[in-house]
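S.K.: Data: upload_26.txt, compact mmCIF, C-alpha atoms and all ligand atoms.
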# COMPACT_ATOMS: atom_id res chain seq x y z
CA MET A 1 -22.92 -23.98 -0.60
CA ASP A 2 -23.01 -20.77 -2.64
CA ALA A 3 -19.59 -19.42 -3.56
CA HIS A 4 -20.15 -16.24 -1.55
CA GLU A 5 -20.54 -18.41 1.60
CA LEU A 6 -17.04 -19.90 1.28
CA PRO A 7 -14.69 -19.42 4.26
CA PRO A 8 -12.51 -16.26 4.04
CA GLN A 9 -9.30 -18.17 3.29
CA GLU A 10 -10.83 -19.97 0.31
CA LYS A 11 -12.22 -16.66 -0.91
CA ALA A 12 -8.82 -15.02 -0.54
CA LEU A 13 -7.16 -17.73 -2.64
CA LEU A 14 -9.94 -17.52 -5.24
CA THR A 15 -9.66 -13.73 -5.31
CA HIS A 16 -5.92 -14.06 -5.92
CA GLU A 17 -6.48 -16.63 -8.68
CA LEU A 18 -9.20 -14.61 -10.43
CA LEU A 19 -7.25 -11.34 -10.29
CA ASN A 20 -4.13 -13.16 -11.54
CA LYS A 21 -6.13 -14.15 -14.61
CA THR A 22 -7.53 -10.65 -15.07
CA TYR A 23 -4.45 -8.49 -14.61
CA LYS A 24 -0.89 -8.90 -15.81
CA ARG A 25 1.41 -10.81 -13.45
CA LEU A 26 4.39 -8.72 -12.43
CA LYS A 27 7.93 -9.63 -11.44
CA LEU A 28 9.09 -8.48 -8.04
CA GLU A 29 12.11 -6.34 -8.77
CA LYS A 30 13.74 -3.67 -6.65
CA ARG A 31 12.26 -0.40 -7.90
CA ARG A 32 14.54 2.23 -6.46
CA ASP A 33 17.34 2.74 -3.98
CA HIS A 34 16.01 2.01 -0.43
CA MET A 35 16.36 5.61 0.81
CA HIS A 36 14.70 6.93 -2.35
CA GLU A 37 11.85 4.46 -1.90
CA LEU A 38 11.33 5.36 1.76
CA ILE A 39 11.20 9.12 1.20
CA SER A 40 9.13 8.78 -1.99
CA THR A 41 6.63 6.60 -0.18
CA MET A 42 6.34 9.26 2.54
CA LEU A 43 5.73 11.86 -0.17
CA SER A 44 3.15 9.66 -1.89
CA HIS A 45 0.63 9.76 0.97
CA ARG A 46 -2.67 10.96 -0.62
CA THR A 47 -0.74 12.05 -3.70
CA ASN A 48 -0.64 10.56 -7.20
CA HIS A 49 2.56 9.08 -8.62
CA LYS A 50 3.27 11.94 -11.03
CA ASP A 51 3.02 14.63 -8.33
CA GLU A 52 5.08 12.52 -5.92
CA GLU A 53 7.87 12.19 -8.51
CA THR A 54 7.77 15.91 -9.31
CA ALA A 55 8.14 16.67 -5.59
CA PHE A 56 10.99 14.19 -5.14
CA TYR A 57 13.07 15.42 -8.07
CA THR A 58 12.40 19.10 -7.32
CA MET A 59 13.54 18.51 -3.74
CA MET A 60 16.74 16.73 -4.81
CA GLU A 61 17.48 19.32 -7.47
CA ARG A 62 17.11 22.20 -5.01
CA PHE A 63 18.94 20.68 -2.04
CA GLY A 64 21.41 18.36 -3.76
CA ASP A 65 21.49 15.37 -1.43
CA TRP A 66 20.01 13.97 1.82
CA GLU A 67 22.24 16.20 3.94
CA GLY A 68 20.91 19.22 2.02
CA VAL A 69 17.29 18.09 2.44
CA MET A 70 17.83 17.48 6.16
CA ASN A 71 19.23 20.98 6.72
CA ALA A 72 16.92 22.84 4.33
CA ASP A 73 14.88 25.81 5.46
CA PHE A 74 11.40 24.62 6.50
CA GLU A 75 9.51 26.84 4.06
CA ALA A 76 11.89 26.16 1.19
CA LEU A 77 11.42 22.41 1.64
CA ALA A 78 7.62 22.75 1.84
CA ASP A 79 7.75 24.76 -1.39
CA ALA A 80 9.89 22.12 -3.16
CA ILE A 81 7.40 19.36 -2.34
CA LYS A 82 4.26 21.44 -2.81
CA THR A 83 2.86 19.13 -5.52
CA THR A 84 2.12 16.62 -2.71
CA ARG A 85 -0.70 16.85 -0.14
CA TYR A 86 0.31 18.29 3.26
CA PRO A 87 3.80 19.56 2.30
CA GLY A 88 4.03 21.54 5.56
CA GLN A 89 3.64 18.30 7.51
CA LYS A 90 5.68 16.04 5.28
CA GLY A 91 8.72 18.35 5.12
CA PRO A 92 9.52 18.26 8.88
CA GLN A 93 8.72 14.52 9.04
CA ILE A 94 11.20 13.81 6.24
CA GLN A 95 13.85 15.97 7.92
CA GLU A 96 13.37 14.25 11.28
CA THR A 97 13.48 10.83 9.60
CA LEU A 98 16.77 11.77 7.94
CA ARG A 99 18.16 13.00 11.29
CA ILE A 100 17.24 9.72 13.00
CA ILE A 101 18.78 7.61 10.22
CA LYS A 102 21.98 9.67 10.23
CA ALA A 103 22.24 9.58 14.02
CA GLU A 104 21.57 5.85 14.32
CA ARG A 105 23.36 4.54 11.25
CA GLY A 106 26.04 7.19 10.73
CA GLU A 107 24.95 7.62 7.11
CA PHE A 108 21.80 7.89 5.02
CA ASN A 109 21.45 4.19 4.46
CA ILE A 110 18.81 1.68 5.56
CA ASP A 111 20.18 -1.46 3.89
CA PHE A 112 20.51 -3.02 7.36
CA LEU A 113 16.73 -3.67 7.30
CA ASP A 114 17.42 -6.54 4.91
CA ASP A 115 19.04 -8.50 7.74
CA LEU A 116 16.31 -7.87 10.32
CA PRO A 117 13.38 -10.23 10.93
CA VAL A 118 10.12 -8.72 9.64
CA PRO A 119 8.65 -7.73 13.05
CA GLU A 120 11.86 -5.89 13.98
CA ALA A 121 12.10 -4.13 10.61
CA LEU A 122 8.45 -3.08 10.91
CA ALA A 123 8.96 -1.85 14.48
CA TRP A 124 12.03 0.19 13.49
CA LEU A 125 10.34 1.78 10.48
CA THR A 126 7.10 2.67 12.25
CA LYS A 127 9.04 4.59 14.91
CA LEU A 128 10.02 7.11 12.23
CA PRO A 129 7.80 10.21 12.06
CA GLY A 130 5.22 9.97 9.28
CA VAL A 131 5.90 6.28 8.69
CA GLY A 132 2.87 4.13 9.49
CA PRO A 133 2.25 0.44 8.82
CA LYS A 134 1.22 1.12 5.20
CA THR A 135 4.44 2.96 4.29
CA ALA A 136 6.56 0.42 6.20
CA THR A 137 4.95 -2.62 4.56
CA LEU A 138 5.11 -1.05 1.09
CA LEU A 139 8.84 -0.47 1.50
CA LEU A 140 9.49 -3.92 2.96
CA LEU A 141 7.53 -5.74 0.24
CA PHE A 142 8.37 -3.67 -2.83
CA ASN A 143 12.05 -3.04 -2.10
CA PHE A 144 13.24 -5.61 0.42
CA HIS A 145 10.93 -8.40 -0.85
CA LYS A 146 9.80 -9.33 2.66
CA PRO A 147 6.55 -11.29 3.20
CA VAL A 148 4.20 -8.50 4.30
CA MET A 149 0.88 -7.22 2.97
CA PRO A 150 0.45 -3.45 2.56
CA VAL A 151 -3.20 -2.67 3.26
CA ASP A 152 -4.10 0.48 1.39
CA THR A 153 -7.60 1.83 0.87
CA HIS A 154 -8.24 -0.47 -2.14
CA VAL A 155 -7.01 -3.69 -0.50
CA PHE A 156 -9.05 -2.81 2.59
CA ARG A 157 -12.29 -1.92 0.77
CA ILE A 158 -12.30 -4.94 -1.58
CA SER A 159 -11.33 -7.33 1.24
CA GLN A 160 -14.29 -6.09 3.26
CA ARG A 161 -16.75 -6.16 0.38
CA VAL A 162 -15.80 -9.65 -0.78
CA GLY A 163 -15.78 -10.91 2.82
CA LEU A 164 -12.11 -11.75 3.36
CA ILE A 165 -12.24 -9.66 6.54
CA GLY A 166 -15.12 -8.54 8.74
CA ALA A 167 -16.68 -5.08 8.77
CA LYS A 168 -15.09 -4.13 12.11
CA VAL A 169 -11.53 -5.25 11.30
CA THR A 170 -8.97 -2.42 11.34
CA ALA A 171 -6.40 -1.93 8.58
CA ASN A 172 -3.63 -3.06 10.94
CA LYS A 173 -5.45 -6.24 11.85
CA ALA A 174 -6.31 -6.81 8.16
CA HIS A 175 -2.57 -6.99 7.47
CA ASP A 176 -2.16 -10.01 9.77
CA LEU A 177 -5.38 -11.70 8.68
CA LEU A 178 -4.67 -11.43 4.94
CA LEU A 179 -1.11 -12.67 5.42
CA LYS A 180 -2.39 -15.85 7.05
CA MET A 181 -4.78 -16.52 4.14
CA LEU A 182 -2.47 -15.92 1.18
CA PRO A 183 0.57 -17.79 -0.19
CA GLU A 184 3.62 -16.61 1.76
CA GLU A 185 5.95 -15.98 -1.20
CA PRO A 186 6.62 -12.22 -1.52
CA VAL A 187 6.00 -12.29 -5.27
CA GLU A 188 2.46 -13.63 -4.64
CA LEU A 189 1.75 -10.99 -1.97
CA PHE A 190 3.10 -8.33 -4.32
CA ASN A 191 0.83 -9.42 -7.18
CA PHE A 192 -2.17 -9.67 -4.85
CA HIS A 193 -1.52 -6.12 -3.60
CA VAL A 194 -0.97 -4.61 -7.06
CA HIS A 195 -3.97 -6.42 -8.56
CA MET A 196 -6.26 -5.30 -5.72
CA LEU A 197 -5.06 -1.74 -6.29
CA ARG A 198 -5.84 -1.96 -10.03
CA HIS A 199 -9.21 -3.56 -9.35
CA GLY A 200 -10.08 -0.88 -6.81
CA GLN A 201 -9.19 1.88 -9.27
CA ARG A 202 -10.97 0.38 -12.27
CA VAL A 203 -13.85 -1.81 -11.09
CA CYS A 204 -14.46 -1.94 -7.34
CA THR A 205 -14.39 1.81 -6.93
CA PHE A 206 -15.45 3.54 -3.71
CA PHE A 207 -18.60 4.97 -5.28
CA ALA A 208 -20.67 2.88 -7.69
CA PRO A 209 -18.56 -0.29 -8.02
CA LYS A 210 -19.05 -1.97 -11.41
CA CYS A 211 -20.22 -5.27 -9.94
CA GLU A 212 -21.82 -6.54 -13.14
CA GLU A 213 -18.43 -6.64 -14.88
CA CYS A 214 -16.43 -7.79 -11.84
CA VAL A 215 -14.69 -11.19 -11.90
CA LEU A 216 -15.24 -11.49 -8.13
CA HIS A 217 -18.99 -11.07 -8.07
CA ASN A 218 -19.75 -14.78 -7.57
CA ILE A 219 -17.87 -14.81 -4.27
CA CYS A 220 -18.59 -11.24 -3.14
CA ASN A 221 -20.73 -10.57 -0.05
CA TYR A 222 -21.44 -7.00 -1.09
CA TYR A 223 -22.78 -8.13 -4.45
CA GLU A 224 -24.88 -10.85 -2.83
CA ASP A 225 -26.21 -8.66 -0.01
CA VAL A 226 -26.63 -5.27 -1.63
CA ARG A 227 -26.27 -5.00 -5.36
CA PHE A 228 -27.89 -8.28 -6.32
CA LYS A 229 -30.98 -7.50 -4.22
CA GLU A 230 -31.21 -4.01 -5.74
CA ILE A 231 -31.01 -5.45 -9.25
CA ASP A 232 -33.58 -8.10 -8.28
CA LYS A 233 -35.93 -5.44 -6.90
CA ALA A 234 -35.61 -3.33 -10.02
CA ALA A 235 -36.39 -6.25 -12.35
S1 LIG B 1 -18.70 -7.59 -7.00
FE1 LIG B 1 -18.80 -5.37 -6.74
S2 LIG B 1 -18.36 -4.98 -4.59
FE2 LIG B 1 -17.72 -7.07 -5.06
S3 LIG B 1 -15.56 -6.91 -5.51
FE3 LIG B 1 -16.67 -6.79 -7.44
S4 LIG B 1 -17.01 -4.61 -7.82
FE4 LIG B 1 -16.42 -4.87 -5.66
Let me see whether you can do it: turn the structure in this file into C-alpha cells.
M.R.:
Amino acid sequence: MDAHELPPQEKALLTHELLNKTYKRLKLEKRRDHMHELISTMLSHRTNHKDEETAFYTMMERFGDWEGVMNADFEALADAIKTTRYPGQKGPQIQETLRIIKAERGEFNIDFLDDLPVPEALAWLTKLPGVGPKTATLLLLFNFHKPVMPVDTHVFRISQRVGLIGAKVTANKAHDLLLKMLPEEPVELFNFHVHMLRHGQRVCTFFAPKCEECVLHNICNYYEDVRFKEIDKAA
C-alpha cells in the first residue's frame, strides 16, 4: 500500500511525528491571565499578533481596566482597537462578553472553567458573543490545558489536503475527528496545532503550496492527486 493510501488515523499520527521532527517542540505553559487571553483571542480574529497586541494595550491604557472597557463609549472603544479587523463589531462583542461575565460570576474572572468538563466549558464559552469554537478551543487548550483541538484555517486546509479529513467535513466536525486520531495529552495537541500553523504559513500555503520541499508529501493526497500528476505531465 502506498503511504498516501494509509487510513486517516495512521496519517494523523505520521503527520504529528514528521512535524515534530521538523519544527521545535514547545512546552505547554500558561501564556497570559485567562481574561486577557479570552479578550485577546477575540481581538485576534483575522488580525496578526502585533496588531492584536497593539489593540489590547491601547484599550487597557485608555480605559484602565475591564470595568472601564465595559462602560466605554462605543466609538472610543472601536478607535482604541482599530488596528484589528472589524473593530466596530468586536468592540460591542467584547463589552457584552464582559457584561455577561460580570453578571454571572460577580467579577471579571473565568477561572471557574478549569473545574468544568470540556463539553460544559465549550458550551459556556460559545454562548458569549463573538466567541466561536475556534476561540473557545484556543483558550481551553493554550491557557487551561484541556484536551481540545483548535481548527484554524491552517489545520483545516492541511488536514484536508493530506487526507486526515474528507473534503466535505466542516471545521466543527474536524475538531472531533482530529481529536479521536491524535494522542489525547494536551501538550501533544498543542504541538500538533502549533506545528500545523507553522507549516501552513511556511510550506503548505493557501496558494502554491511548496510540495516538493514538504515533509508530508509521501502521505499527502493533494500531492498524489494534483501536484504529482502536474509534475509528471510537465516532464
Ligand atoms: S505535500 Fe503539498 S499539499 Fe501536501 S501537505 Fe505538503 S505542501 Fe501541503
S.K.: For a quick check of understanding, using all atoms listed in the file, which of A:Phe190, A:Trp124, A:Phe112, A:Phe56 has the smallest distance to Met149 (chain A)?
M.R.: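 Counting all atoms listed in the file, the residue closest to Met149 (chain A) is A:Phe190.
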S.K.: From the options A:Gln93, A:Ala12, A:Asp65, A:Leu113, which residue's atoms come nearest to Val155 (chain A), counting all atoms listed in the file?
M.R.: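 Distance minimum relative to Val155 (chain A) lands on A:Ala12.
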S.K.: Return as an mmCIF file with C-alpha atoms, in the coordinates of the input the residues of protein, DNA or RNA that approach ligand LIG 1 (chain B) to within 6 Å, with all atoms listed in the file taken into account.
M.R.:
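Okay, part_0.cif is ready:
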data_model
loop_
_atom_site.group_PDB
_atom_site.id
_atom_site.type_symbol
_atom_site.label_atom_id
_atom_site.label_comp_id
_atom_site.auth_asym_id
_atom_site.auth_seq_id
_atom_site.Cartn_x
_atom_site.Cartn_y
_atom_site.Cartn_z
ATOM 1 C CA ILE A 158 -12.300 -4.940 -1.580
ATOM 2 C CA ARG A 161 -16.750 -6.160 0.380
ATOM 3 C CA VAL A 162 -15.800 -9.650 -0.780
ATOM 4 C CA VAL A 203 -13.850 -1.810 -11.090
ATOM 5 C CA CYS A 204 -14.460 -1.940 -7.340
ATOM 6 C CA PRO A 209 -18.560 -0.290 -8.020
ATOM 7 C CA LYS A 210 -19.050 -1.970 -11.410
ATOM 8 C CA CYS A 211 -20.220 -5.270 -9.940
ATOM 9 C CA CYS A 214 -16.430 -7.790 -11.840
ATOM 10 C CA LEU A 216 -15.240 -11.490 -8.130
ATOM 11 C CA HIS A 217 -18.990 -11.070 -8.070
ATOM 12 C CA CYS A 220 -18.590 -11.240 -3.140
ATOM 13 C CA TYR A 222 -21.440 -7.000 -1.090
ATOM 14 C CA TYR A 223 -22.780 -8.130 -4.450
#
S.K.: State, in Å with one decimal place, the distance from CA of Lys24 (chain A) to CA of Gln201 (chain A).
M.R.: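 Between these atoms lies a distance of 15.1 Å.
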S.K.: Counting only C-alpha atoms, note down every residue that has an atom within 10 Å of the point (-0.5, 16.6, -2.2) (file coordinates), as a PyMOL selection string.
M.R.: chain A and resi 43-48+51-52+55+81-87+90
S.K.: Give me, please, the distance in Å between CA of Asp79 (chain A) and CA of Ile94 (chain A), quoted to one decimal.
M.R.: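 Pair CA of Asp79 (chain A) / CA of Ile94 (chain A) returns 13.8 Å.
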S.K.: When you draw a straight line from CA of Arg99 (chain A) to CA of Met70 (chain A), how long is it in Å?
M.R.: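 So the two atoms, CA of Arg99 (chain A) and CA of Met70 (chain A), lie 6.8 Å apart.
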S.K.: Using all atoms listed in the file and a cutoff of 12 Å, can you tell me which residues are near (10.1, 3.2, 6.7) in the file's coordinates, and write them out as an MDAnalysis selection string?
M.R.: chainID A and resid 34:43 93:94 97:98 100:101 109:111 113 120:144
